[in-house]
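The file work_7.cif contains mmCIF, C-alpha atoms:
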data_coords
loop_
_atom_site.group_PDB
_atom_site.id
_atom_site.type_symbol
_atom_site.label_atom_id
_atom_site.label_comp_id
_atom_site.auth_asym_id
_atom_site.auth_seq_id
_atom_site.Cartn_x
_atom_site.Cartn_y
_atom_site.Cartn_z
ATOM 1 C CA MET A 1 34.998 248.454 -140.029
ATOM 2 C CA THR A 2 33.639 247.651 -143.449
ATOM 3 C CA GLU A 3 32.677 250.778 -145.297
ATOM 4 C CA ILE A 4 29.208 250.594 -146.796
ATOM 5 C CA ARG A 5 28.314 253.011 -149.519
ATOM 6 C CA ARG A 6 24.893 253.933 -150.840
ATOM 7 C CA ARG A 7 24.413 253.639 -154.600
ATOM 8 C CA PRO A 8 21.364 255.622 -155.769
ATOM 9 C CA GLY A 9 18.910 254.059 -158.180
ATOM 10 C CA ASP A 10 19.403 250.505 -156.895
ATOM 11 C CA GLY A 11 16.259 248.781 -155.635
ATOM 12 C CA THR A 12 18.313 247.058 -152.931
ATOM 13 C CA GLY A 13 19.239 250.346 -151.290
ATOM 14 C CA GLY A 14 22.424 250.944 -153.228
ATOM 15 C CA LEU A 15 24.808 249.733 -150.562
ATOM 16 C CA ARG A 16 28.401 248.812 -151.317
ATOM 17 C CA THR A 17 31.348 247.921 -149.082
ATOM 18 C CA GLY A 18 34.506 248.388 -150.990
ATOM 19 C CA ALA A 19 34.164 245.884 -153.793
ATOM 20 C CA ALA A 20 31.350 243.957 -152.010
ATOM 21 C CA THR A 21 27.744 244.768 -152.833
ATOM 22 C CA PHE A 22 24.845 244.550 -150.395
ATOM 23 C CA GLU A 23 23.818 241.300 -152.038
ATOM 24 C CA ASP A 24 27.258 239.828 -151.410
ATOM 25 C CA LEU A 25 27.110 240.795 -147.758
ATOM 26 C CA ARG A 26 23.588 239.473 -147.406
ATOM 27 C CA GLU A 27 24.609 236.168 -148.965
ATOM 28 C CA GLN A 28 27.502 235.889 -146.531
ATOM 29 C CA ALA A 29 25.329 236.899 -143.552
ATOM 30 C CA ILE A 30 22.665 234.326 -144.392
ATOM 31 C CA ALA A 31 25.290 231.609 -144.858
ATOM 32 C CA LEU A 32 26.751 232.417 -141.439
ATOM 33 C CA ARG A 33 23.309 232.476 -139.934
ATOM 34 C CA ARG A 34 22.560 229.052 -141.320
ATOM 35 C CA GLU A 35 25.812 227.820 -139.826
ATOM 36 C CA GLY A 36 24.312 228.727 -136.473
ATOM 37 C CA LEU A 37 26.040 232.015 -135.676
ATOM 38 C CA SER A 38 24.386 234.690 -133.574
ATOM 39 C CA ARG A 39 23.887 238.287 -134.693
ATOM 40 C CA ARG A 40 26.872 239.358 -132.615
ATOM 41 C CA GLN A 41 29.090 236.725 -134.202
ATOM 42 C CA ILE A 42 27.937 237.681 -137.707
ATOM 43 C CA ARG A 43 28.440 241.351 -136.917
ATOM 44 C CA ASP A 44 32.014 240.723 -135.777
ATOM 45 C CA ARG A 45 32.795 238.371 -138.653
ATOM 46 C CA LEU A 46 31.562 240.783 -141.338
ATOM 47 C CA ARG A 47 32.509 243.920 -139.395
ATOM 48 C CA VAL A 48 29.078 245.385 -139.886
ATOM 49 C CA HIS A 49 28.450 247.351 -136.710
ATOM 50 C CA ASN A 50 25.314 249.162 -137.792
ATOM 51 C CA ASN A 51 22.345 247.280 -136.300
ATOM 52 C CA ASP A 52 19.934 248.608 -138.887
ATOM 53 C CA ILE A 53 22.074 247.356 -141.761
ATOM 54 C CA LEU A 54 22.693 244.042 -139.982
ATOM 55 C CA GLY A 55 18.965 243.609 -139.580
ATOM 56 C CA ARG A 56 18.412 244.200 -143.282
ATOM 57 C CA LEU A 57 21.136 241.696 -144.161
ATOM 58 C CA LEU A 58 19.422 239.005 -142.049
ATOM 59 C CA ASP A 59 15.842 239.966 -142.900
ATOM 60 C CA GLY A 60 13.627 236.908 -143.262
ATOM 61 C CA GLU A 61 16.214 234.473 -141.964
ATOM 62 C CA PRO A 62 15.135 232.827 -138.700
ATOM 63 C CA ALA A 63 17.506 232.784 -135.773
ATOM 64 C CA PRO A 64 18.999 229.444 -134.756
ATOM 65 C CA GLU A 65 17.170 227.679 -131.927
ATOM 66 C CA TRP A 66 20.015 228.038 -129.434
ATOM 67 C CA THR A 67 19.863 231.844 -129.573
ATOM 68 C CA ARG A 68 16.196 232.052 -128.588
ATOM 69 C CA ARG A 69 15.555 232.996 -124.982
ATOM 70 C CA PRO A 70 13.170 230.673 -123.163
ATOM 71 C CA ASN A 71 9.906 232.369 -122.264
ATOM 72 C CA ALA A 72 9.143 231.987 -118.559
ATOM 73 C CA LYS A 73 5.400 231.967 -119.332
ATOM 74 C CA ASP A 74 5.498 229.234 -121.960
ATOM 75 C CA ASP A 75 4.647 226.537 -119.398
ATOM 76 C CA LEU A 76 1.830 228.656 -117.978
ATOM 77 C CA ARG A 77 0.461 229.271 -121.443
ATOM 78 C CA ASP A 78 0.480 225.563 -122.274
ATOM 79 C CA ARG A 79 -1.183 224.710 -118.968
ATOM 80 C CA ALA A 80 -3.806 227.428 -119.470
ATOM 81 C CA ARG A 81 -4.694 225.981 -122.871
ATOM 82 C CA GLU A 82 -4.992 222.494 -121.362
ATOM 83 C CA LEU A 83 -7.350 223.754 -118.678
ATOM 84 C CA ARG A 84 -9.425 225.687 -121.203
ATOM 85 C CA LEU A 85 -9.826 222.568 -123.326
ATOM 86 C CA GLN A 86 -11.009 220.779 -120.170
ATOM 87 C CA GLY A 87 -13.870 223.283 -119.982
ATOM 88 C CA MET A 88 -12.572 225.679 -117.323
ATOM 89 C CA THR A 89 -13.598 229.338 -117.229
ATOM 90 C CA TYR A 90 -11.166 232.261 -117.038
ATOM 91 C CA ASP A 91 -11.890 232.592 -113.301
ATOM 92 C CA GLN A 92 -11.145 228.918 -112.688
ATOM 93 C CA ILE A 93 -7.914 229.059 -114.705
ATOM 94 C CA GLN A 94 -6.831 232.186 -112.851
ATOM 95 C CA LEU A 95 -7.474 230.472 -109.528
ATOM 96 C CA GLU A 96 -5.495 227.428 -110.663
ATOM 97 C CA LEU A 97 -2.475 229.231 -112.166
ATOM 98 C CA GLY A 98 -2.420 232.575 -110.370
ATOM 99 C CA CYS A 99 -1.934 234.629 -113.547
ATOM 100 C CA SER A 100 -3.965 237.559 -114.855
ATOM 101 C CA LYS A 101 -7.157 237.166 -116.867
ATOM 102 C CA SER A 102 -5.713 239.375 -119.621
ATOM 103 C CA SER A 103 -2.843 236.919 -120.134
ATOM 104 C CA ILE A 104 -5.223 233.970 -120.104
ATOM 105 C CA SER A 105 -7.413 235.676 -122.705
ATOM 106 C CA LEU A 106 -4.453 236.148 -125.056
ATOM 107 C CA TRP A 107 -3.338 232.545 -124.618
ATOM 108 C CA VAL A 108 -6.665 230.799 -125.149
ATOM 109 C CA ARG A 109 -8.800 233.162 -127.228
ATOM 110 C CA ASP A 110 -8.485 230.935 -130.294
ATOM 111 C CA LEU A 111 -9.927 227.965 -128.414
ATOM 112 C CA PRO A 112 -13.676 227.228 -128.322
ATOM 113 C CA ARG A 113 -15.624 228.444 -125.321
ATOM 114 C CA PRO A 114 -16.621 225.714 -122.873
ATOM 115 C CA ALA A 115 -20.241 224.665 -123.021
ATOM 116 C CA PRO A 116 -22.349 226.135 -120.191
ATOM 117 C CA LYS A 117 -22.743 223.669 -117.313
ATOM 118 C CA ARG A 118 -25.954 225.248 -116.074
ATOM 119 C CA THR A 119 -29.135 226.403 -117.705
ATOM 120 C CA PRO A 120 -29.968 230.121 -117.461
ATOM 121 C CA GLY A 121 -32.534 229.312 -114.791
ATOM 122 C CA GLU A 122 -30.027 227.330 -112.746
ATOM 123 C CA GLN A 123 -27.473 230.124 -113.094
ATOM 124 C CA ALA A 124 -30.005 232.689 -111.881
ATOM 125 C CA THR A 125 -30.892 230.489 -108.912
ATOM 126 C CA LEU A 126 -27.209 230.096 -108.030
ATOM 127 C CA ALA A 127 -26.600 233.838 -108.281
ATOM 128 C CA SER A 128 -29.602 234.508 -106.064
ATOM 129 C CA ARG A 129 -28.387 231.956 -103.525
ATOM 130 C CA LYS A 130 -24.917 233.517 -103.400
ATOM 131 C CA ARG A 131 -26.433 236.965 -102.986
ATOM 132 C CA TRP A 132 -28.569 235.754 -100.097
ATOM 133 C CA GLU A 133 -25.579 233.969 -98.548
ATOM 134 C CA ARG A 134 -23.816 237.316 -98.330
ATOM 135 C CA GLU A 135 -26.966 238.924 -96.935
ATOM 136 C CA HIS A 136 -27.358 236.150 -94.359
ATOM 137 C CA ALA A 137 -23.735 236.613 -93.299
ATOM 138 C CA VAL A 138 -24.364 240.327 -92.691
ATOM 139 C CA ARG A 139 -27.562 239.574 -90.764
ATOM 140 C CA ASP A 140 -25.835 236.889 -88.702
ATOM 141 C CA LYS A 141 -23.178 239.395 -87.638
ATOM 142 C CA GLN A 142 -25.825 241.976 -86.771
ATOM 143 C CA ARG A 143 -27.705 239.329 -84.798
ATOM 144 C CA THR A 144 -24.566 238.283 -82.902
ATOM 145 C CA ASP A 145 -23.558 241.882 -82.172
ATOM 146 C CA THR A 146 -27.019 242.734 -80.851
ATOM 147 C CA LYS A 147 -27.116 239.693 -78.578
ATOM 148 C CA SER A 148 -23.612 240.377 -77.263
ATOM 149 C CA ALA A 149 -24.464 243.991 -76.475
ATOM 150 C CA ALA A 150 -27.723 242.965 -74.759
ATOM 151 C CA ARG A 151 -25.932 240.273 -72.768
ATOM 152 C CA SER A 152 -23.451 242.793 -71.384
ATOM 153 C CA GLU A 153 -26.337 244.994 -70.207
ATOM 154 C CA ILE A 154 -27.359 242.440 -67.556
ATOM 155 C CA GLY A 155 -24.145 242.559 -65.572
ATOM 156 C CA ASN A 156 -24.249 241.097 -62.062
ATOM 157 C CA LEU A 157 -27.558 239.527 -61.012
ATOM 158 C CA GLY A 158 -28.645 240.304 -57.447
ATOM 159 C CA ASP A 159 -30.851 238.087 -55.284
ATOM 160 C CA LYS A 160 -33.892 240.270 -55.878
ATOM 161 C CA GLU A 161 -33.555 240.062 -59.642
ATOM 162 C CA LEU A 162 -32.990 236.289 -59.537
ATOM 163 C CA PHE A 163 -35.966 235.867 -57.213
ATOM 164 C CA ALA A 164 -38.342 237.719 -59.573
ATOM 165 C CA ALA A 165 -36.897 235.941 -62.634
ATOM 166 C CA GLY A 166 -37.409 232.547 -60.990
ATOM 167 C CA VAL A 167 -41.030 233.240 -60.031
ATOM 168 C CA ALA A 168 -41.839 234.385 -63.593
ATOM 169 C CA LEU A 169 -39.975 231.413 -65.035
ATOM 170 C CA TYR A 170 -41.922 228.922 -62.978
ATOM 171 C CA TRP A 171 -45.266 230.556 -63.717
ATOM 172 C CA ALA A 172 -44.491 230.417 -67.440
ATOM 173 C CA GLU A 173 -43.101 226.867 -67.580
ATOM 174 C CA GLY A 174 -44.085 225.032 -64.390
ATOM 175 C CA ALA A 175 -47.168 222.970 -63.533
ATOM 176 C CA LYS A 176 -50.085 224.935 -62.055
ATOM 177 C CA ASP A 177 -52.965 224.111 -59.761
ATOM 178 C CA LYS A 178 -56.525 224.379 -61.115
ATOM 179 C CA THR A 179 -59.755 224.629 -59.155
ATOM 180 C CA TYR A 180 -61.038 221.631 -61.095
ATOM 181 C CA ASP A 181 -57.759 219.687 -60.742
ATOM 182 C CA ARG A 182 -55.799 220.303 -57.547
ATOM 183 C CA ARG A 183 -52.055 219.942 -58.204
ATOM 184 C CA GLU A 184 -50.302 221.888 -55.509
ATOM 185 C CA LYS A 185 -46.779 220.691 -56.158
ATOM 186 C CA VAL A 186 -43.662 222.154 -57.775
ATOM 187 C CA HIS A 187 -43.206 220.376 -61.068
ATOM 188 C CA PHE A 188 -41.002 221.974 -63.787
ATOM 189 C CA ILE A 189 -39.978 220.751 -67.254
ATOM 190 C CA ASN A 190 -37.803 222.294 -69.957
ATOM 191 C CA SER A 191 -35.380 221.401 -72.746
ATOM 192 C CA ASP A 192 -33.189 224.517 -72.448
ATOM 193 C CA PRO A 193 -30.051 223.906 -70.343
ATOM 194 C CA GLY A 194 -29.858 227.615 -69.479
ATOM 195 C CA VAL A 195 -33.429 227.602 -68.150
ATOM 196 C CA ILE A 196 -32.663 224.541 -66.011
ATOM 197 C CA ARG A 197 -29.561 226.190 -64.526
ATOM 198 C CA VAL A 198 -31.450 229.384 -63.673
ATOM 199 C CA PHE A 199 -34.310 227.420 -62.124
ATOM 200 C CA ILE A 200 -31.972 225.361 -59.910
ATOM 201 C CA ALA A 201 -30.167 228.540 -58.829
ATOM 202 C CA TRP A 202 -33.568 230.023 -57.931
ATOM 203 C CA LEU A 203 -34.523 226.935 -55.878
ATOM 204 C CA GLU A 204 -31.281 227.289 -53.936
ATOM 205 C CA LEU A 205 -31.990 231.000 -53.418
ATOM 206 C CA ILE A 206 -35.392 230.318 -51.830
ATOM 207 C CA GLY A 207 -33.928 227.605 -49.586
ATOM 208 C CA VAL A 208 -34.924 224.338 -51.301
ATOM 209 C CA GLU A 209 -32.429 221.626 -50.336
ATOM 210 C CA ARG A 210 -30.896 219.624 -53.165
ATOM 211 C CA GLU A 211 -32.055 216.387 -51.508
ATOM 212 C CA ARG A 212 -35.676 217.399 -52.124
ATOM 213 C CA ILE A 213 -35.214 217.698 -55.899
ATOM 214 C CA ARG A 214 -35.964 214.669 -58.086
ATOM 215 C CA TYR A 215 -35.080 214.362 -61.773
ATOM 216 C CA ARG A 216 -36.479 212.538 -64.786
ATOM 217 C CA VAL A 217 -35.669 212.710 -68.499
ATOM 218 C CA ALA A 218 -38.432 212.763 -71.124
ATOM 219 C CA ILE A 219 -37.231 211.959 -74.622
ATOM 220 C CA HIS A 220 -38.200 210.297 -77.898
ATOM 221 C CA GLU A 221 -37.350 206.589 -77.920
ATOM 222 C CA SER A 222 -35.464 206.974 -81.226
ATOM 223 C CA ALA A 223 -32.870 209.276 -79.607
ATOM 224 C CA ASP A 224 -29.686 208.352 -77.737
ATOM 225 C CA VAL A 225 -31.364 207.953 -74.340
ATOM 226 C CA ALA A 226 -28.254 207.006 -72.367
ATOM 227 C CA ALA A 227 -26.273 209.993 -73.684
ATOM 228 C CA ALA A 228 -29.156 212.343 -72.819
ATOM 229 C CA GLU A 229 -29.368 211.008 -69.244
ATOM 230 C CA LEU A 230 -25.634 211.513 -68.748
ATOM 231 C CA TYR A 231 -25.831 215.032 -70.193
ATOM 232 C CA TRP A 232 -28.588 216.172 -67.841
ATOM 233 C CA ALA A 233 -26.998 214.460 -64.823
ATOM 234 C CA ASP A 234 -23.748 216.302 -65.506
ATOM 235 C CA LEU A 235 -25.606 219.601 -65.951
ATOM 236 C CA VAL A 236 -27.371 219.417 -62.574
ATOM 237 C CA GLY A 237 -24.391 217.854 -60.830
ATOM 238 C CA VAL A 238 -25.818 214.541 -59.596
ATOM 239 C CA ASP A 239 -25.181 210.867 -60.253
ATOM 240 C CA VAL A 240 -27.283 209.577 -63.136
ATOM 241 C CA LYS A 241 -28.286 206.647 -60.915
ATOM 242 C CA LEU A 242 -30.382 209.089 -58.880
ATOM 243 C CA PHE A 243 -32.575 209.861 -61.897
ATOM 244 C CA ALA A 244 -36.045 208.357 -62.024
ATOM 245 C CA ARG A 245 -36.869 206.042 -64.900
ATOM 246 C CA THR A 246 -36.805 207.938 -68.198
ATOM 247 C CA THR A 247 -40.118 208.682 -69.889
ATOM 248 C CA LEU A 248 -39.933 207.546 -73.516
ATOM 249 C CA LYS A 249 -42.094 209.136 -76.180
ATOM 250 C CA ARG A 250 -43.153 206.685 -78.871
ATOM 251 C CA HIS A 251 -41.605 207.380 -82.245
ATOM 252 C CA ASN A 252 -44.031 208.218 -85.052
ATOM 253 C CA PRO A 253 -42.335 207.726 -88.450
ATOM 254 C CA LYS A 254 -45.047 209.801 -90.170
ATOM 255 C CA THR A 255 -44.061 212.886 -88.190
ATOM 256 C CA THR A 256 -41.253 215.079 -89.478
ATOM 257 C CA ARG A 257 -39.367 216.196 -86.378
ATOM 258 C CA LYS A 258 -36.788 218.962 -86.286
ATOM 259 C CA ASN A 259 -35.430 218.160 -82.815
ATOM 260 C CA VAL A 260 -33.104 215.378 -83.914
ATOM 261 C CA GLY A 261 -29.351 214.800 -84.024
ATOM 262 C CA GLU A 262 -26.641 214.669 -81.414
ATOM 263 C CA ASN A 263 -27.780 217.939 -79.816
ATOM 264 C CA TYR A 264 -31.259 216.599 -79.105
ATOM 265 C CA ARG A 265 -31.387 215.562 -75.445
ATOM 266 C CA GLY A 266 -35.094 215.672 -74.728
ATOM 267 C CA CYS A 267 -36.423 217.512 -71.669
ATOM 268 C CA LEU A 268 -35.494 217.410 -68.000
ATOM 269 C CA ILE A 269 -38.308 217.229 -65.450
ATOM 270 C CA LEU A 270 -37.680 218.484 -61.911
ATOM 271 C CA TYR A 271 -39.923 217.588 -58.975
ATOM 272 C CA VAL A 272 -39.649 219.123 -55.521
ATOM 273 C CA SER A 273 -40.869 216.734 -52.824
ATOM 274 C CA GLN A 274 -43.290 217.935 -50.134
ATOM 275 C CA SER A 275 -43.820 221.143 -52.114
ATOM 276 C CA ALA A 276 -47.504 222.032 -51.612
ATOM 277 C CA GLU A 277 -46.611 224.921 -49.316
ATOM 278 C CA LEU A 278 -43.876 226.074 -51.696
ATOM 279 C CA TYR A 279 -46.293 225.982 -54.630
ATOM 280 C CA ARG A 280 -48.762 228.215 -52.768
ATOM 281 C CA ARG A 281 -45.994 230.703 -52.006
ATOM 282 C CA ILE A 282 -44.963 230.734 -55.686
ATOM 283 C CA GLU A 283 -48.529 231.520 -56.730
ATOM 284 C CA GLY A 284 -48.658 234.278 -54.137
ATOM 285 C CA TRP A 285 -45.334 235.714 -55.289
ATOM 286 C CA TRP A 286 -46.598 235.753 -58.853
ATOM 287 C CA CYS A 287 -49.760 237.561 -57.853
ATOM 288 C CA GLY A 288 -47.589 240.090 -56.012
ATOM 289 C CA ILE A 289 -45.625 240.763 -59.193
ATOM 290 C CA VAL A 290 -48.866 241.204 -61.139
ATOM 291 C CA ASP A 291 -50.207 243.595 -58.473
ATOM 292 C CA ALA A 292 -46.977 245.615 -58.602
ATOM 293 C CA VAL A 293 -47.295 246.305 -62.336
ATOM 294 C CA ASP A 294 -51.106 246.468 -62.617
ATOM 295 C CA SER A 295 -52.470 250.025 -62.749
ATOM 296 C CA THR A 296 -56.162 249.030 -62.567
ATOM 297 C CA ASP A 297 -58.309 248.295 -59.556
ATOM 298 C CA GLU A 298 -59.480 245.002 -61.025
ATOM 299 C CA ASP A 299 -57.927 241.990 -59.362
ATOM 300 C CA GLN A 300 -56.167 240.102 -62.149
ATOM 301 C CA CYS A 301 -54.691 237.475 -59.858
ATOM 302 C CA PRO A 302 -57.112 236.304 -57.150
ATOM 303 C CA VAL A 303 -55.629 234.228 -54.391
#

Would you mind writing the file's structure down as structure tokens?
Amino acid sequence: MTEIRRRPGDGTGGLRTGAATFEDLREQAIALRREGLSRRQIRDRLRVHNNDILGRLLDGEPAPEWTRRPNAKDDLRDRARELRLQGMTYDQIQLELGCSKSSISLWVRDLPRPAPKRTPGEQATLASRKRWEREHAVRDKQRTDTKSAARSEIGNLGDKELFAAGVALYWAEGAKDKTYDRREKVHFINSDPGVIRVFIAWLELIGVERERIRYRVAIHESADVAAAELYWADLVGVDVKLFARTTLKRHNPKTTRKNVGENYRGCLILYVSQSAELYRRIEGWWCGIVDAVDSTDEDQCPV
């Protein structure tokens, strides 16, 4: 090992190695460095095994390119700078590259900030919309949970419950007889498939044969009439050829309708033939329900 001695009073640190001064060693170290040797090779060649001294000998002299370790993040850094120059935000760059915002900030902080793509008013509107989207999602879940819980409360439906539900359903949605316009016939129309299924189940419960039921579709002429007819025929379980001629509602282009699209199927009308007697019984059943819940002496449902 080369012996290095300190010589006091020398501005270079006063180092000597035998007859060689610090300057001699530094000159040799720099020459070897410029030849492309690594620190280890220079250390072994000059027999200087003190890292501090070796560092001072090579101070200011860059290492050759081949000794530099490649930085695994160099490619990410370059890509981050490209994206920043394209106008991306830190969040967008992070989503694209999967690296931390702190790293991105260090890599691109010297680059100009991208110009805002929205005005302050537009940004506020967007923030409000996103906030309400989250709120709507919470409300939708609450709505679904409530409906599911209520649905499970019904359980099995007995004949008595179905009978009362059917009477109320007809009195709410079916055609009714008036003293000034006698219409004693069972005539029911609705656009809700669930209502139609319940009503048909009720007709079967009270003994109405399927052969006595007639069907007709009522729908806007601008809709897919054929698809609607097939849908309702499949729902009630009959051949579409047994349907009466569809009633078409004239399209008014000045009217803004919401019931459009592939889920719009119009309404299904059900007629029960020879149903005057049945209609009278339905009216009587309804009056019986009213009497059962009415606590006054006044007759709210005269027959």

ask   = What residues come out when you apply the PyMOL selection byres ((chain A and resi 43-56) around 8) to this file, written as a PyMOL selection string?
value = chain A and resi 1-2+25+29+39-42+57-59

request  = Would you list the contacts of Ser191 (chain A) as a PyMOL selection string, taking every protein, DNA or RNA residue within 8 Å and counting all atoms listed in the file, but skipping same-chain residues closer than 5 positions in sequence?
outcome  = chain A and resi 196+265-268

query = Which residues, written as a PyMOL selection string, have at least one atom at most 12 Å from region 192-195 of chain A, with all atoms listed in the file counted and residues fewer than 5 positions away on the same chain left out?
reply = chain A and resi 165-166+168-170+172-174+200-202+228+231-236+263-270

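Nearest to Ala164 (chain A) of all the residues A:Gly237, A:Gly288, A:Val108, A:Val138 is A:Gly288, counting all atoms listed in the file.
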
message = Considering only C-alpha atoms, can you say which of A:Gly87, A:Gln92, A:Arg134, A:Ser148 comes closest to Leu111 (chain A)?
response =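 The closest residue to Leu111 (chain A) is A:Gly87.
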
Taking all listed atoms of region 87-93 of chain A, build the axis-aligned box, pad each of the six sides by 5 Å, then write its centre and edge lengths in Å to one decimal as lines of an AutoDock Vina configuration file.
center_x = -10.9
center_y = 227.9
center_z = -116.3
size_x = 16.0
size_y = 19.3
size_z = 17.3

ask   = What is the distance between CA of Asn190 (chain A) and CA of Asn156 (chain A), in Å to one decimal?
value = 24.5 Å

task = Grab the CA of Lys130 (chain A) to CA of Lys117 (chain A) distance for me, in Å with one decimal place.
result =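 It comes out at 17.2 Å.
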
task = Please indicate the distance in Å from CA of Leu278 (chain A) to CA of Gly207 (chain A), rounded to one decimal place.
result = 10.3 Å

request  = Could you tell me which residues the PyMOL selection byres ((chain A and resi 248) around 7) returns for this structure, as a list in words?
outcome  = Ala218, Ile219, His220, Glu221, Thr246, Thr247, Lys249 and Arg250 of chain A
